[in-house]
>>> print(open('work-v1.txt').read())   # compact mmCIF, C-alpha atoms
# COMPACT_ATOMS: atom_id res chain seq x y z
CA MET A 1 149.81 47.01 -24.53
CA THR A 2 148.09 44.90 -21.95
CA VAL A 3 145.13 42.63 -22.69
CA MET A 4 142.74 45.06 -20.99
CA GLN A 5 144.00 48.00 -23.07
CA ILE A 6 143.53 46.03 -26.27
CA PHE A 7 140.00 44.95 -25.36
CA GLY A 8 139.20 48.52 -24.36
CA ALA A 9 140.32 49.72 -27.78
CA PHE A 10 138.16 47.11 -29.52
CA ARG A 11 135.09 48.34 -27.64
CA LEU A 12 135.30 51.62 -29.53
CA TYR A 13 134.32 50.03 -32.83
CA ARG A 14 131.01 48.73 -34.16
CA TRP A 15 130.59 45.12 -35.21
CA GLU A 16 130.75 45.94 -38.96
CA VAL A 17 134.08 47.69 -38.55
CA LEU A 18 135.51 44.82 -36.50
CA LEU A 19 134.35 42.23 -39.00
CA LEU A 20 135.71 44.18 -41.97
CA ALA A 21 138.96 44.80 -40.07
CA PHE A 22 139.41 41.06 -39.68
CA GLY A 23 139.19 40.72 -43.47
CA VAL A 24 141.66 43.59 -43.86
CA THR A 25 144.09 41.85 -41.49
CA LEU A 26 143.87 38.64 -43.51
CA CYS A 27 144.46 40.54 -46.77
CA VAL A 28 147.48 42.40 -45.39
CA SER A 29 148.92 39.10 -44.10
CA LEU A 30 148.40 37.59 -47.55
CA LEU A 31 150.12 40.60 -49.14
CA LYS A 32 153.11 40.12 -46.84
CA LYS A 33 153.46 36.55 -48.07
CA ILE A 34 152.95 37.40 -51.76
CA LEU A 35 154.97 40.61 -52.14
CA PRO A 36 158.73 40.29 -52.20
CA GLU A 37 160.76 41.14 -49.10
CA ARG A 38 162.30 44.06 -50.98
CA CYS A 39 158.96 45.84 -50.78
CA PRO A 40 159.24 49.00 -48.61
CA LYS A 41 157.98 48.63 -45.04
CA LYS A 42 155.81 51.73 -45.57
CA VAL A 43 153.55 49.67 -47.81
CA TYR A 44 152.70 47.41 -44.88
CA LEU A 45 152.27 50.40 -42.59
CA PHE A 46 149.63 52.08 -44.74
CA ALA A 47 148.04 48.99 -46.29
CA PRO A 48 145.57 48.33 -43.43
CA PHE A 49 144.26 51.89 -43.63
CA LEU A 50 143.92 51.93 -47.41
CA LEU A 51 142.32 48.48 -47.49
CA GLY A 52 140.11 49.43 -44.53
CA LEU A 53 138.83 52.43 -46.46
CA LEU A 54 138.22 50.34 -49.57
CA PHE A 55 136.51 47.53 -47.64
CA TYR A 56 134.26 49.93 -45.74
CA ALA A 57 133.39 51.92 -48.88
CA ALA A 58 132.41 48.70 -50.67
CA TYR A 59 130.40 47.56 -47.65
CA ALA A 60 128.59 50.92 -47.37
CA ALA A 61 127.79 51.00 -51.10
CA ILE A 62 126.38 47.46 -50.96
CA ARG A 63 124.44 48.13 -47.74
CA GLU A 64 122.87 51.34 -49.11
CA ARG A 65 122.60 49.95 -52.65
CA SER A 66 124.02 53.18 -54.00
CA ALA A 67 127.41 54.61 -54.82
CA VAL A 68 125.93 58.07 -54.31
CA TYR A 69 125.88 57.33 -50.58
CA LEU A 70 129.68 57.32 -50.61
CA VAL A 71 129.82 60.86 -51.96
CA GLN A 72 127.02 62.22 -49.79
CA ASN A 73 128.50 60.72 -46.62
CA ALA A 74 132.20 60.90 -47.47
CA ALA A 75 133.21 61.96 -43.95
CA THR A 76 131.42 59.00 -42.37
CA VAL A 77 132.90 56.58 -44.90
CA LEU A 78 136.41 57.99 -44.34
CA GLU A 79 135.99 57.85 -40.56
CA ASN A 80 134.76 54.26 -40.56
CA GLY A 81 137.34 53.22 -43.17
CA PHE A 82 140.10 54.65 -40.98
CA ALA A 83 138.55 52.86 -37.97
CA CYS A 84 138.74 49.63 -40.00
CA GLY A 85 142.45 50.19 -40.54
CA CYS A 86 142.97 50.93 -36.84
CA ALA A 87 141.10 47.81 -35.78
CA ALA A 88 143.05 45.72 -38.33
CA THR A 89 146.27 47.08 -36.85
CA LEU A 90 145.02 46.14 -33.37
CA TYR A 91 144.24 42.62 -34.58
CA TYR A 92 147.76 42.31 -35.97
CA LEU A 93 149.35 43.66 -32.78
CA THR A 94 147.28 41.28 -30.68
CA TYR A 95 148.43 38.37 -32.84
CA GLU A 96 152.07 39.46 -32.65
CA GLN A 97 152.04 40.03 -28.91
CA PHE A 98 150.09 37.04 -27.68
CA PHE A 99 150.32 34.30 -30.28
CA ARG A 100 153.35 34.71 -32.51
CA ALA A 101 155.81 35.01 -29.62
CA LYS A 102 155.47 31.28 -29.04
CA LYS A 103 157.32 30.65 -32.31
CA LYS A 104 160.47 32.15 -30.81
CA GLN A 105 160.85 29.34 -28.28
CA PRO A 106 162.68 26.91 -30.59
CA ALA A 107 165.74 29.19 -30.57
CA LEU A 108 165.82 29.11 -26.79
CA SER A 109 164.82 25.46 -26.66
CA SER A 110 167.74 24.47 -28.88
CA LEU A 111 170.12 26.29 -26.53
CA LEU A 112 168.78 24.21 -23.65
CA ASP A 113 169.59 20.90 -25.42
CA GLY A 114 172.12 19.00 -23.35
CA ILE A 115 171.64 21.37 -20.40
CA VAL A 116 168.04 20.75 -19.32
CA PRO A 117 166.34 17.35 -19.58
CA GLN A 118 163.42 17.17 -22.04
CA GLU A 119 160.83 16.55 -19.29
CA LYS A 120 161.80 19.80 -17.52
CA ARG A 121 162.34 21.91 -20.65
CA GLU A 122 158.83 23.41 -20.87
CA GLN A 123 158.96 24.48 -17.22
CA VAL A 124 162.36 26.13 -17.71
CA LEU A 125 161.23 27.84 -20.94
CA ASN A 126 158.22 29.32 -19.17
CA ALA A 127 160.32 30.50 -16.24
CA LEU A 128 162.93 32.11 -18.46
CA LEU A 129 160.46 33.77 -20.83
CA SER A 130 158.34 35.16 -18.00
CA CYS A 131 161.32 36.67 -16.15
CA GLU A 132 161.23 40.47 -16.21
CA LYS A 133 164.75 41.00 -14.84
CA GLN A 134 167.50 42.61 -16.90
CA GLY A 135 171.25 42.78 -16.99
CA GLU A 136 173.20 41.05 -14.22
CA GLU A 137 170.00 40.11 -12.34
CA LEU A 138 168.76 38.27 -15.43
CA ALA A 139 172.09 36.44 -15.82
CA ARG A 140 171.97 35.42 -12.14
CA PHE A 141 168.37 34.21 -12.51
CA VAL A 142 169.27 32.17 -15.61
CA ARG A 143 172.29 30.66 -13.85
CA GLU A 144 170.19 29.67 -10.80
CA THR A 145 167.44 28.23 -13.00
CA LEU A 146 169.90 26.15 -15.02
CA LYS A 147 171.60 24.95 -11.85
CA GLU A 148 168.24 23.95 -10.32
CA TYR A 149 166.65 22.22 -13.32
CA GLY A 150 169.58 21.35 -15.55
CA GLU A 151 172.10 18.58 -15.79
CA PRO A 152 175.21 18.89 -13.61
CA LEU A 153 177.61 21.28 -15.33
CA SER A 154 180.99 22.69 -14.43
CA ASP A 155 181.05 26.28 -13.24
CA ALA A 156 182.56 27.46 -16.54
CA GLU A 157 179.91 25.62 -18.60
CA LEU A 158 177.13 26.93 -16.40
CA CYS A 159 178.38 30.54 -16.61
CA ALA A 160 178.86 30.37 -20.38
CA SER A 161 175.41 28.82 -20.96
CA ALA A 162 173.74 31.33 -18.65
CA LYS A 163 175.48 34.24 -20.36
CA ILE A 164 174.40 33.13 -23.85
CA ILE A 165 170.79 32.54 -22.76
CA ALA A 166 170.66 35.83 -20.83
CA GLU A 167 171.83 37.66 -23.97
CA LEU A 168 169.13 35.97 -26.08
CA LEU A 169 166.19 36.45 -23.70
CA PRO A 170 165.64 40.22 -24.21
CA THR A 171 165.31 39.68 -27.97
CA LEU A 172 162.54 37.11 -27.42
CA ARG A 173 160.34 39.45 -25.42
>>> encode(input="work-v1.txt", output="structure tokens")
Amino acid sequence: MTVMQIFGAFRLYRWEVLLLAFGVTLCVSLLKKILPERCPKKVYLFAPFLLGLLFYAAYAAIRERSAVYLVQNAATVLENGFACGCAATLYYLTYEQFFRAKKKQPALSSLLDGIVPQEKREQVLNALLSCEKQGEELARFVRETLKEYGEPLSDAELCASAKIIAELLPTLR
């Protein structure tokens, strides 16, 4: 998803849903840290929607000062609870796509040790991570980038380094 598509999706929801969805996202993130890794992935798939429904139902009952409201307006509560889960999922996807990807750079950065000087490393990282090429074109681009910014290497060292980095790059995107 592009930034504009994500913002367009957020415009569909009211402020209460967006605020509650933020709380849902934090709770799901906390659950991921607390629950063991053996926990089925389906739990994390449905957790935002279940928690969104619970959060919105609690909010609606408090706002209307009546639990009867939940029964009388069950369709509205279900719709807004589901919207909370959708918005929480959008928050998580936005985080994953735009912020968490930066944590993947150390793997690439460690491969560049001894090849690219420290003062040029950030520039090379940005160039490599922003490259949209694939296959042989990507390998050629990596080779040229390492040759331009890196330390002098033999042809064999340059080819081997470029091949390893070109194989890693698609997994970082």
>>> closest_residue(input="work-v1.txt", among="A:Leu108, A:Leu30, A:Gly135, A:Cys86", to="Glu122 in chain A", atoms="all atoms listed in the file")
A:Leu108
>>> atom_distance(input="work-v1.txt", atom1="CA of Cys84 in chain A", atom2="CA of Ser29 in chain A")
15.2 Å
>>> atom_distance(input="work-v1.txt", atom1="CA of Phe22 in chain A", atom2="CA of Gly52 in chain A")
9.7 Å
>>> atom_distance(input="work-v1.txt", atom1="CA of Ala58 in chain A", atom2="CA of Leu90 in chain A")
21.6 Å
>>> closest_residue(input="work-v1.txt", among="A:Ile164, A:Ala67, A:Ala87, A:Ala75", to="Leu20 in chain A", atoms="all atoms listed in the file")
A:Ala87
>>> residues_around(input="work-v1.txt", residues="range 24-28 of chain A", least_positions_apart="5", cutoff="12 Å", atoms="all atoms listed in the file", output="ChimeraX atom specification")
/A:17-19,33-35,43-56,81-95
>>> closest_atom_pairs(input="work-v1.txt", of="range 64-126 of chain A", to="range 144-147 of chain A", cutoff="8 Å", atoms="all atoms listed in the file", output="tab-separated table")
residue	atom	partner	partner_atom	distance
A:Ile115	CA	A:Leu146	CA	7.4
A:Val116	CA	A:Leu146	CA	7.1
A:Val124	CA	A:Thr145	CA	7.2
>>> axis_aligned_box(input="work-v1.txt", around="range 81-87 of chain A", padding_each_side="3 Å", output="lines of an AutoDock Vina configuration file")
center_x = 140.2
center_y = 51.2
center_z = -39.5
size_x = 11.6
size_y = 12.8
size_z = 13.4
